[in-house]
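K.L.:
Data file query-v9.tsv (TSV, C-alpha atoms) is appended below.
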chain	number	residue	atom	x	y	z
N	23	MET	CA	-17.20	17.66	22.30
N	24	ARG	CA	-13.94	15.78	22.44
N	25	TYR	CA	-11.33	16.46	19.75
N	26	CYS	CA	-8.60	14.26	18.34
N	27	LYS	CA	-5.20	15.13	19.79
N	28	LEU	CA	-3.50	14.93	16.39
N	29	CYS	CA	-6.09	16.52	14.10
N	30	VAL	CA	-9.19	18.66	14.75
N	31	ILE	CA	-12.01	16.16	14.18
N	32	PRO	CA	-14.58	15.95	17.00
N	33	ASP	CA	-16.04	12.72	18.35
N	34	THR	CA	-19.44	13.77	17.01
N	35	ARG	CA	-18.41	12.73	13.49
N	36	PRO	CA	-20.32	9.56	12.51
N	37	ASN	CA	-18.24	6.35	12.59
N	38	ILE	CA	-15.13	8.06	14.00
N	39	HIS	CA	-13.43	6.24	16.88
N	40	PHE	CA	-10.90	7.46	19.45
N	41	ASN	CA	-8.28	5.26	21.07
N	42	GLU	CA	-7.14	5.43	24.69
N	43	GLU	CA	-4.63	8.16	23.80
N	44	GLY	CA	-7.38	10.36	22.35
N	45	VAL	CA	-6.34	9.85	18.70
N	46	CYS	CA	-9.03	9.33	16.06
N	47	SER	CA	-9.20	6.26	13.85
N	48	ALA	CA	-8.34	8.27	10.72
N	49	CYS	CA	-5.12	9.58	12.25
N	50	VAL	CA	-4.22	6.14	13.59
N	51	LEU	CA	-4.51	4.76	10.08
N	52	ALA	CA	-2.61	7.67	8.54
N	53	ALA	CA	0.22	7.55	11.08
N	54	GLN	CA	0.60	3.80	11.45
N	55	LYS	CA	-1.24	1.50	9.06
N	56	LYS	CA	-0.43	3.46	5.90
N	57	GLN	CA	3.24	3.29	6.86
N	58	GLU	CA	2.95	-0.49	6.96
N	59	ILE	CA	1.09	-0.94	3.68
N	60	ASP	CA	3.07	-2.67	0.95
N	61	TRP	CA	2.02	-0.37	-1.89
N	62	LYS	CA	4.10	-2.28	-4.44
N	63	ALA	CA	2.24	-5.48	-3.65
N	64	ARG	CA	-1.10	-3.69	-3.83
N	65	GLU	CA	-0.20	-2.07	-7.14
N	66	ALA	CA	0.76	-5.47	-8.52
N	67	GLU	CA	-2.63	-6.83	-7.41
N	68	PHE	CA	-4.40	-3.90	-9.08
N	69	ARG	CA	-2.41	-4.45	-12.28
N	70	SER	CA	-3.39	-8.11	-12.26
N	71	TYR	CA	-7.07	-7.13	-12.22
N	72	CYS	CA	-6.51	-4.80	-15.17
N	73	ASP	CA	-4.61	-7.50	-17.07
N	74	LYS	CA	-7.42	-9.95	-16.38
N	75	TYR	CA	-10.19	-7.71	-17.72
N	76	ARG	CA	-8.36	-5.73	-20.42
N	77	THR	CA	-9.91	-6.54	-23.78
N	78	LYS	CA	-8.63	-6.37	-27.33
N	79	ASP	CA	-12.18	-6.23	-28.67
N	80	PRO	CA	-12.60	-2.72	-30.17
N	81	LYS	CA	-16.36	-3.01	-29.71
N	82	GLN	CA	-16.20	-3.50	-25.94
N	83	TRP	CA	-15.23	-1.43	-22.90
N	84	ASP	CA	-13.17	-3.25	-20.30
N	85	CYS	CA	-13.97	-1.19	-17.20
N	86	ILE	CA	-16.39	1.40	-15.86
N	87	VAL	CA	-15.12	4.56	-14.18
N	88	PRO	CA	-17.77	6.44	-12.16
N	89	VAL	CA	-17.24	10.18	-12.68
N	90	SER	CA	-18.93	13.33	-11.40
N	91	GLY	CA	-16.90	16.18	-12.86
N	92	GLY	CA	-14.54	16.59	-9.94
N	93	LYS	CA	-10.76	16.40	-9.84
N	94	ASP	CA	-10.85	12.77	-8.65
N	95	SER	CA	-12.94	11.78	-11.68
N	96	THR	CA	-10.31	13.03	-14.11
N	97	TYR	CA	-7.57	11.36	-12.08
N	98	GLN	CA	-9.45	8.04	-12.17
N	99	ILE	CA	-9.77	8.23	-15.96
N	100	HIS	CA	-6.05	9.06	-16.16
N	101	ILE	CA	-5.19	5.99	-14.10
N	102	ALA	CA	-7.45	3.70	-16.12
N	103	LYS	CA	-6.70	4.98	-19.63
N	104	ASN	CA	-3.19	6.37	-19.54
N	105	VAL	CA	-1.45	4.37	-16.80
N	106	TYR	CA	-3.06	0.93	-17.17
N	107	LYS	CA	-4.06	1.23	-20.86
N	108	MET	CA	-7.66	0.28	-20.25
N	109	ASN	CA	-10.64	1.23	-22.46
N	110	PRO	CA	-12.93	2.80	-19.85
N	111	LEU	CA	-16.58	3.74	-20.06
N	112	ALA	CA	-17.17	6.84	-17.92
N	113	VAL	CA	-20.57	6.80	-16.20
N	114	THR	CA	-22.07	9.86	-14.53
N	115	PHE	CA	-25.11	10.34	-12.34
N	116	ARG	CA	-26.37	13.70	-13.58
N	117	THR	CA	-27.45	15.65	-10.53
N	118	ASP	CA	-30.34	18.06	-10.98
N	119	ALA	CA	-28.07	20.74	-9.52
N	120	ARG	CA	-24.98	20.40	-11.71
N	121	THR	CA	-22.99	23.62	-11.86
N	122	PRO	CA	-21.56	25.24	-15.02
N	123	LEU	CA	-18.07	24.49	-13.73
N	124	GLY	CA	-19.03	20.86	-13.18
N	125	GLU	CA	-20.31	20.75	-16.77
N	126	HIS	CA	-17.03	22.21	-18.04
N	127	ASN	CA	-14.96	19.66	-16.14
N	128	ILE	CA	-17.08	16.76	-17.43
N	129	LYS	CA	-16.48	18.02	-20.97
N	130	ALA	CA	-12.74	18.26	-20.32
N	131	LEU	CA	-12.78	14.69	-19.00
N	132	ARG	CA	-14.47	13.41	-22.15
N	133	GLU	CA	-11.86	15.12	-24.27
N	134	MET	CA	-9.26	12.83	-22.74
N	135	GLY	CA	-10.69	10.40	-25.29
N	136	VAL	CA	-13.36	8.41	-23.46
N	137	ASP	CA	-16.99	7.48	-24.00
N	138	GLN	CA	-19.33	8.77	-21.31
N	139	ILE	CA	-22.90	7.97	-20.29
N	140	ASP	CA	-24.61	10.86	-18.49
N	141	ILE	CA	-27.59	9.38	-16.64
N	142	THR	CA	-30.47	11.62	-15.57
N	143	PRO	CA	-32.96	9.88	-13.27
N	144	ASN	CA	-36.67	10.65	-13.43
N	145	PRO	CA	-36.77	14.20	-11.94
N	146	VAL	CA	-40.31	13.84	-10.58
N	147	GLY	CA	-39.53	10.76	-8.52
N	148	PHE	CA	-36.06	11.91	-7.61
N	149	ASN	CA	-37.26	15.23	-6.19
N	150	LYS	CA	-39.92	13.43	-4.19
N	151	LEU	CA	-37.16	11.24	-2.77
N	152	ARG	CA	-34.94	14.24	-2.06
N	153	LYS	CA	-37.74	16.00	-0.19
N	154	LYS	CA	-38.39	12.89	1.90
N	155	THR	CA	-34.75	12.38	2.86
N	156	PHE	CA	-34.33	16.08	3.62
N	157	GLU	CA	-37.36	16.25	5.89
N	158	GLU	CA	-36.78	12.88	7.58
N	159	PHE	CA	-32.99	13.01	8.03
N	160	GLY	CA	-31.96	16.58	7.23
N	161	ASP	CA	-29.94	15.15	4.32
N	162	CYS	CA	-30.33	16.57	0.81
N	163	SER	CA	-27.58	14.36	-0.65
N	164	LEU	CA	-28.75	10.90	0.41
N	165	PRO	CA	-30.54	10.36	-2.95
N	166	ASP	CA	-27.36	11.27	-4.84
N	167	HIS	CA	-25.35	8.62	-3.01
N	168	LEU	CA	-28.15	6.09	-3.36
N	169	ALA	CA	-28.22	6.72	-7.11
N	170	ILE	CA	-24.44	6.78	-7.61
N	171	TRP	CA	-23.86	3.53	-5.74
N	172	ASN	CA	-26.69	1.70	-7.53
N	173	ILE	CA	-26.46	3.08	-11.07
N	174	ILE	CA	-22.94	1.71	-11.51
N	175	PRO	CA	-23.70	-1.97	-10.82
N	176	GLN	CA	-26.85	-1.63	-12.95
N	177	ILE	CA	-24.78	-0.41	-15.91
N	178	ALA	CA	-22.15	-3.09	-15.27
N	179	VAL	CA	-24.81	-5.80	-15.60
N	180	LYS	CA	-26.53	-4.25	-18.63
N	181	PHE	CA	-23.26	-3.76	-20.56
N	182	GLY	CA	-21.50	-6.88	-19.30
N	183	ILE	CA	-18.54	-5.02	-17.77
N	184	PRO	CA	-17.30	-6.68	-14.56
N	185	LEU	CA	-14.53	-4.24	-13.57
N	186	VAL	CA	-15.35	-0.88	-11.95
N	187	LEU	CA	-12.66	1.57	-10.82
N	188	TRP	CA	-13.94	3.78	-8.01
N	189	GLY	CA	-11.85	6.45	-6.27
N	190	GLU	CA	-10.94	6.41	-2.58
N	191	ASN	CA	-12.41	4.30	0.19
N	192	PRO	CA	-13.79	7.05	2.48
N	193	ASP	CA	-13.47	4.83	5.55
N	194	MET	CA	-9.77	4.43	4.80
N	195	GLU	CA	-9.18	8.14	4.16
N	196	TYR	CA	-11.44	9.81	6.69
N	197	GLY	CA	-11.81	7.36	9.54
N	198	GLY	CA	-14.64	4.86	9.53
N	199	GLN	CA	-15.23	1.50	11.13
N	200	ALA	CA	-12.02	-0.45	11.56
N	201	ASP	CA	-13.32	-3.42	9.58
N	202	LEU	CA	-14.24	-1.15	6.65
N	203	GLN	CA	-10.96	0.75	6.50
N	204	GLN	CA	-9.16	-2.04	4.68
N	205	VAL	CA	-11.92	-2.94	2.24
N	206	SER	CA	-10.78	-3.03	-1.39
N	207	LYS	CA	-14.20	-3.36	-3.08
N	208	LEU	CA	-17.26	-1.10	-3.14
N	209	ASN	CA	-19.83	-3.86	-3.05
N	210	ARG	CA	-23.24	-4.12	-1.44
N	211	ASP	CA	-21.80	-5.19	1.92
N	212	TRP	CA	-19.64	-2.06	2.00
N	213	PHE	CA	-22.27	0.56	1.27
N	214	ARG	CA	-24.87	-1.18	3.46
N	215	HIS	CA	-22.78	0.05	6.40
N	216	GLN	CA	-22.44	3.64	5.22
N	217	HIS	CA	-24.04	6.12	7.63
N	218	ILE	CA	-25.14	8.44	4.84
N	219	LEU	CA	-27.71	5.92	3.55
N	220	LYS	CA	-29.28	5.64	7.03
N	221	GLY	CA	-29.73	1.91	6.53
N	222	LYS	CA	-32.46	2.37	3.90
N	223	THR	CA	-32.72	1.16	0.32
N	224	ALA	CA	-34.84	2.48	-2.55
N	225	GLU	CA	-37.40	-0.18	-1.71
N	226	ASP	CA	-37.63	1.21	1.82
N	227	TRP	CA	-38.30	4.73	0.51
N	228	ALA	CA	-40.97	3.68	-1.98
N	229	ASP	CA	-44.63	4.12	-1.06
N	230	ALA	CA	-47.97	5.06	-2.64
N	231	ASP	CA	-46.74	8.60	-3.34
N	232	LEU	CA	-43.30	7.47	-4.53
N	233	PRO	CA	-43.60	4.30	-6.63
N	234	LEU	CA	-40.41	2.30	-7.02
N	235	SER	CA	-40.82	2.74	-10.77
N	236	GLU	CA	-40.00	6.45	-10.33
N	237	ILE	CA	-36.61	5.75	-8.68
N	238	LYS	CA	-35.46	2.69	-10.64
N	239	PHE	CA	-31.88	3.92	-10.85
N	240	CYS	CA	-31.64	3.74	-7.05
N	241	VAL	CA	-32.29	-0.01	-6.96
N	242	TYR	CA	-29.41	-2.45	-6.53
N	243	PRO	CA	-29.28	-5.27	-9.11
N	244	ASP	CA	-29.94	-8.89	-8.26
N	245	GLU	CA	-26.90	-10.43	-6.58
N	246	LYS	CA	-27.23	-13.47	-8.86
N	247	ASP	CA	-26.71	-11.26	-11.91
N	248	LEU	CA	-23.65	-9.63	-10.32
N	249	ASP	CA	-22.19	-12.99	-9.34
N	250	ALA	CA	-22.73	-14.33	-12.86
N	251	LEU	CA	-20.95	-11.26	-14.22
N	252	GLY	CA	-18.03	-11.58	-11.81
N	253	TYR	CA	-18.66	-8.03	-10.58
N	254	THR	CA	-15.38	-6.48	-9.36
N	255	PRO	CA	-15.79	-2.88	-8.04
N	256	LEU	CA	-12.34	-1.77	-6.84
N	257	PHE	CA	-11.26	1.28	-4.83
N	258	ILE	CA	-8.24	2.78	-6.61
N	259	GLY	CA	-7.32	4.39	-3.27
N	260	TYR	CA	-6.85	0.94	-1.71
N	261	TYR	CA	-4.17	0.13	-4.27
N	262	HIS	CA	-2.56	3.56	-4.75
N	263	PRO	CA	-1.85	6.26	-2.14
N	264	TRP	CA	-4.70	8.77	-2.36
N	265	ASP	CA	-4.05	12.51	-2.19
N	266	ALA	CA	-6.45	15.18	-3.47
N	267	ASP	CA	-3.57	17.63	-3.98
N	268	GLN	CA	-1.81	15.15	-6.28
N	269	ASN	CA	-5.07	14.31	-8.07
N	270	VAL	CA	-5.92	17.92	-8.91
N	271	LYS	CA	-2.45	18.65	-10.30
N	272	ILE	CA	-2.76	15.70	-12.66
N	273	SER	CA	-6.35	16.64	-13.57
N	274	GLU	CA	-5.39	20.21	-14.46
N	275	LYS	CA	-3.14	18.85	-17.20
N	276	TYR	CA	-6.29	17.62	-18.93
N	277	GLY	CA	-8.29	20.84	-18.61
N	278	PHE	CA	-9.84	20.55	-15.16
N	279	GLN	CA	-10.59	24.00	-13.75
N	280	ARG	CA	-10.68	25.23	-10.17
N	281	ARG	CA	-13.18	27.77	-8.86
N	282	LYS	CA	-11.72	31.18	-9.71
N	283	LYS	CA	-13.43	32.93	-6.77
N	284	GLY	CA	-11.81	30.51	-4.34
N	285	PRO	CA	-13.34	27.75	-2.20
N	286	ILE	CA	-17.11	27.66	-2.10
N	287	MET	CA	-16.82	26.00	1.32
N	288	GLY	CA	-13.72	24.66	3.03
N	289	LEU	CA	-10.05	25.15	2.13
N	290	TYR	CA	-9.95	23.84	-1.43
N	291	ASP	CA	-10.82	25.78	-4.56
N	292	TYR	CA	-10.91	22.47	-6.44
N	293	ALA	CA	-13.49	20.61	-4.33
N	294	ASP	CA	-17.30	20.55	-4.13
N	295	LEU	CA	-17.55	22.16	-7.57
N	296	ASP	CA	-19.94	19.99	-9.55
N	297	CYS	CA	-23.20	20.08	-7.54
N	298	GLU	CA	-24.95	22.81	-5.55
N	299	HIS	CA	-26.51	20.36	-3.11
N	300	ILE	CA	-23.21	19.30	-1.57
N	301	VAL	CA	-22.81	22.77	-0.08
N	302	ILE	CA	-26.12	22.42	1.78
N	303	HIS	CA	-25.15	18.89	2.81
N	304	HIS	CA	-21.96	20.15	4.43
N	305	TYR	CA	-23.77	22.96	6.22
N	306	PHE	CA	-26.06	20.46	7.91
N	307	LYS	CA	-22.96	18.79	9.39
N	308	TRP	CA	-22.40	22.08	11.21
N	309	LEU	CA	-25.86	21.84	12.78
N	310	LYS	CA	-25.77	18.10	13.50
N	311	PHE	CA	-22.16	17.58	14.53
N	312	GLY	CA	-20.63	21.00	15.25
N	313	PHE	CA	-18.09	20.99	12.42
N	314	ASN	CA	-18.04	21.73	8.73
N	315	ARG	CA	-15.88	21.56	5.61
N	316	ILE	CA	-12.96	23.56	7.00
N	317	THR	CA	-12.55	20.90	9.67
N	318	ASP	CA	-12.71	18.09	7.09
N	319	ASN	CA	-10.07	19.72	4.89
N	320	ALA	CA	-7.82	20.78	7.76
N	321	CYS	CA	-7.76	17.22	9.12
N	322	ASN	CA	-6.75	15.93	5.70
N	323	GLU	CA	-3.95	18.49	5.48
N	324	ILE	CA	-2.66	17.54	8.93
N	325	ARG	CA	-2.58	13.84	8.01
N	326	LYS	CA	-0.73	14.66	4.80
N	327	GLY	CA	1.84	16.68	6.76
N	328	ARG	CA	1.02	20.02	5.11
N	329	LEU	CA	-0.60	21.73	8.13
N	330	THR	CA	0.10	21.78	11.85
N	331	ARG	CA	-2.64	21.23	14.38
N	332	GLU	CA	-2.15	24.76	15.71
N	333	GLU	CA	-2.66	26.20	12.24
N	334	ALA	CA	-5.73	24.02	11.76
N	335	VAL	CA	-7.29	25.16	15.04
N	336	LYS	CA	-6.93	28.78	13.96
N	337	LEU	CA	-8.54	28.07	10.58
N	338	VAL	CA	-11.44	26.20	12.14
N	339	ARG	CA	-12.06	28.93	14.70
N	340	GLU	CA	-12.05	31.64	12.04
N	341	LYS	CA	-13.84	30.02	9.13
N	342	ASP	CA	-15.80	26.85	9.89
N	343	GLY	CA	-19.58	26.82	9.91
N	344	VAL	CA	-20.27	29.39	7.17
N	345	LYS	CA	-23.78	28.95	5.82
N	346	PRO	CA	-24.33	28.03	2.16
N	347	PRO	CA	-24.98	30.79	-0.40
N	348	LYS	CA	-28.52	32.11	-0.32
N	349	SER	CA	-29.08	31.30	-4.00
N	350	PHE	CA	-28.21	27.63	-3.43
N	351	ILE	CA	-30.88	27.35	-0.74
N	352	GLU	CA	-33.49	29.10	-2.88
N	353	ASN	CA	-32.78	26.84	-5.87
N	354	PHE	CA	-32.93	23.74	-3.68
N	355	CYS	CA	-36.29	24.78	-2.22
N	356	LYS	CA	-37.75	25.33	-5.69
N	357	ARG	CA	-36.62	21.88	-6.81
N	358	ILE	CA	-38.26	19.98	-3.96
N	359	GLY	CA	-41.28	22.28	-3.58
N	360	ILE	CA	-40.81	23.92	-0.19
N	361	THR	CA	-40.38	27.53	0.96
N	362	VAL	CA	-37.18	29.00	2.33
N	363	GLU	CA	-38.98	29.35	5.68
N	364	GLN	CA	-39.70	25.61	5.64
N	365	PHE	CA	-36.05	24.96	4.81
N	366	TRP	CA	-34.92	26.72	7.99
N	367	GLU	CA	-37.61	24.97	10.02
N	368	VAL	CA	-36.14	21.65	8.91
N	369	ALA	CA	-32.62	22.93	9.59
N	370	GLU	CA	-33.51	23.88	13.17
N	371	LYS	CA	-35.13	20.49	13.70
N	372	PHE	CA	-31.75	18.87	13.15
N	373	ARG	CA	-29.66	21.21	15.28
N	374	ASN	CA	-27.96	18.99	17.87
N	375	HIS	CA	-28.82	20.35	21.32
N	376	GLU	CA	-26.03	18.32	22.89
N	377	VAL	CA	-23.62	20.41	20.81
N	378	TRP	CA	-25.50	23.72	20.62
N	379	LYS	CA	-26.61	25.98	23.50
N	380	LYS	CA	-28.44	29.31	23.66
N	381	ASP	CA	-27.05	32.40	25.32
N	382	GLU	CA	-29.00	35.01	27.28
N	383	ASN	CA	-29.93	36.76	24.01
N	384	GLY	CA	-31.34	33.61	22.45
N	385	GLU	CA	-28.37	33.16	20.09
N	386	TRP	CA	-26.98	29.69	19.37
N	387	TYR	CA	-23.36	28.85	20.19
N	388	ILE	CA	-21.09	25.84	20.66
N	389	ASP	CA	-19.69	25.71	24.15
N	390	GLY	CA	-16.18	24.30	24.56
N	391	TRP	CA	-15.37	24.57	20.86
N	392	ILE	CA	-11.82	23.73	19.84
N	393	GLY	CA	-9.32	26.45	20.62
N	394	GLY	CA	-11.62	28.47	22.89
N	395	ASP	CA	-14.67	28.55	25.11
N	396	LYS	CA	-17.42	29.00	22.54
N	397	VAL	CA	-18.26	30.04	19.00
N	398	PRO	CA	-21.53	31.53	17.73
N	399	ASP	CA	-23.52	30.23	14.81
N	400	ARG	CA	-22.35	31.91	11.63
N	401	PHE	CA	-24.13	34.66	9.71
N	402	PRO	CA	-25.71	33.69	6.36
N	403	TYR	CA	-23.27	33.53	3.50
N	404	GLU	CA	-24.61	35.79	0.79
N	405	GLU	CA	-21.99	35.50	-1.97
N	406	GLU	CA	-23.38	34.45	-5.33
N	407	ASP	CA	-21.44	31.96	-7.46
Any chance you could put this one into structure tokens?

P.N.:
Amino acid sequence: MRYCKLCVIPDTRPNIHFNEEGVCSACVLAAQKKQEIDWKAREAEFRSYCDKYRTKDPKQWDCIVPVSGGKDSTYQIHIAKNVYKMNPLAVTFRTDARTPLGEHNIKALREMGVDQIDITPNPVGFNKLRKKTFEEFGDCSLPDHLAIWNIIPQIAVKFGIPLVLWGENPDMEYGGQADLQQVSKLNRDWFRHQHILKGKTAEDWADADLPLSEIKFCVYPDEKDLDALGYTPLFIGYYHPWDADQNVKISEKYGFQRRKKGPIMGLYDYADLDCEHIVIHHYFKWLKFGFNRITDNACNEIRKGRLTREEAVKLVREKDGVKPPKSFIENFCKRIGITVEQFWEVAEKFRNHEVWKKDENGEWYIDGWIGGDKVPDRFPYEEED
């Protein structure tokens, strides 16, 4: 694997690009393009959208804010309600694996004084879909993203609310395709290019065993209906500098809580709190791409100037690749109807043999890992939440 010379991301990460100097596209954007952004002009543009859609009708919401129960959700509501004086409708895709802490943080968000719709898709169809995406792509979270990105425009059409205030543009923050890094709207063209959806829609997943009627919330609305509405789904992070550390400090003022036991995976005790599945999702990155959540977080800290590359290398060497808690795997298997043994069979199917090698004892390791010659696969992580 080849690693960025400024951060610790490897070239195995989907949609990451390295320039001739060996610097990844995320660091190029952080070091150069963000310095050149006229944030005042972008803020003025964002304010103009809010002014356009702000309503004085007490019976109507003037924007939708997609929320999950994380620190960014609370920050987004803060921006909409308290900074721009909007009347937001919070909309949540209710994962079948919501954690108690995620539930608490959703409640705290509501108590900021907002209406919230908590949408629970058909669990029978959704678990069929989750099993299919897990077995076909080794991805337990694809259905969540498919639902999140399609539920919001559906609700926008049904309630007649054109303006949606999403959080960050992940291509802009974490290094995606160059033409997607400066996109201000989360529309169909944007998420059609997202690797996590594997180029498939709900219609593509439907078959005799999984009727489309069982996964209706994963279907994108008719473009004609969105055009008639004037659908305007904005990334707040395109218009305002995005920083998770800033977001969590603001969110805590409204009752957001961190994980008291520390990070479940990665460096942050305030991230990946609301859904058990995300932990399994991140672990599969370790098998597929040879990096995990510590690498993600360390790269972010380097780009924000809070961590040196040398410090990040040490953290990655010591802590990356830890397997998800045993209980999370067991609960996931029960939901989709497989055994734990079948889970690990699927996991091994997606281990990248260009990244992983076996030693003389039959143990897996990454050869040429950052900061040293090799690193073994990690032991199972047994801590219970």

K.L.:
Excluding same-chain residues fewer than 4 positions from Arg69 of chain N, what lies within 8 Å of it counting all atoms listed in the file, as a list of chain:residue names?

P.N.:
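What passes the distance filter is N:Glu65, N:Asp73, N:Tyr106.
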
K.L.:
From the options N:Phe278, N:Phe148, N:Trp391, N:Phe311, which residue's atoms come nearest to His375 of chain N, counting all atoms listed in the file?

P.N.:
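Residue with the minimum atom-to-atom distance to His375 of chain N: N:Phe311.
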
K.L.:
Need to verify the contact set: Lys150 of chain N, 9 Å, all atoms listed in the file, exclusion of same-chain residues closer than 6 positions in sequence. Can you return it as a list in words?

P.N.:
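Here the qualifying residues turn out to be Asp231, Leu232, Ile358 and Gly359 of chain N.
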
K.L.:
Check which residues of segment 189-308 of chain N sit at most 8 Å from segment 330-344 of chain N using all atoms listed in the file, and return one row each with the closest pair of atoms and their distance in Å to one decimal, ordered by chain and rising number, as a Markdown table.

P.N.:
| residue | atom | partner | partner_atom | distance |
| --- | --- | --- | --- | --- |
| N:Met287 | CA | N:Val344 | CA | 7.6 |
| N:Gly288 | CA | N:Asp342 | CA | 7.5 |
| N:Tyr305 | CA | N:Gly343 | CA | 6.8 |
| N:Trp308 | CA | N:Gly343 | CA | 5.7 |

K.L.:
Between atom CA of Phe372 of chain N and atom CA of Glu298 of chain N, what is the distance in Å, rounded to a tenth?

P.N.:
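Atom-to-atom, atom CA of Phe372 of chain N and atom CA of Glu298 of chain N are spaced 20.3 Å apart.
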
K.L.:
Using all atoms listed in the file, can you tell me which of N:Pro36, N:Glu245, N:Cys72, N:Leu329 comes closest to Lys310 of chain N?

P.N.:
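Residue with the minimum atom-to-atom distance to Lys310 of chain N: N:Pro36.
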
K.L.:
Provide an axis-aligned box for all listed atoms of segment 349-367 of chain N, padding each side by 6 Å; report its centre and its edge lengths in Å to one decimal, as JSON.

P.N.:
{"center_x": -34.7, "center_y": 25.6, "center_z": 1.6, "size_x": 25.1, "size_y": 23.3, "size_z": 28.8}

K.L.:
Expressed in Å to a single decimal, how great is the separation between atom CA of Val113 of chain N and atom CA of Lys153 of chain N?

P.N.:
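About the pair atom CA of Val113 of chain N and atom CA of Lys153 of chain N: they are 25.2 Å apart.
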
K.L.:
Give as a count of residues only each residue that has an atom at most 8 Å from (-11.0, 7.8, -15.1) in the file, counting only C-alpha atoms.

P.N.:
15
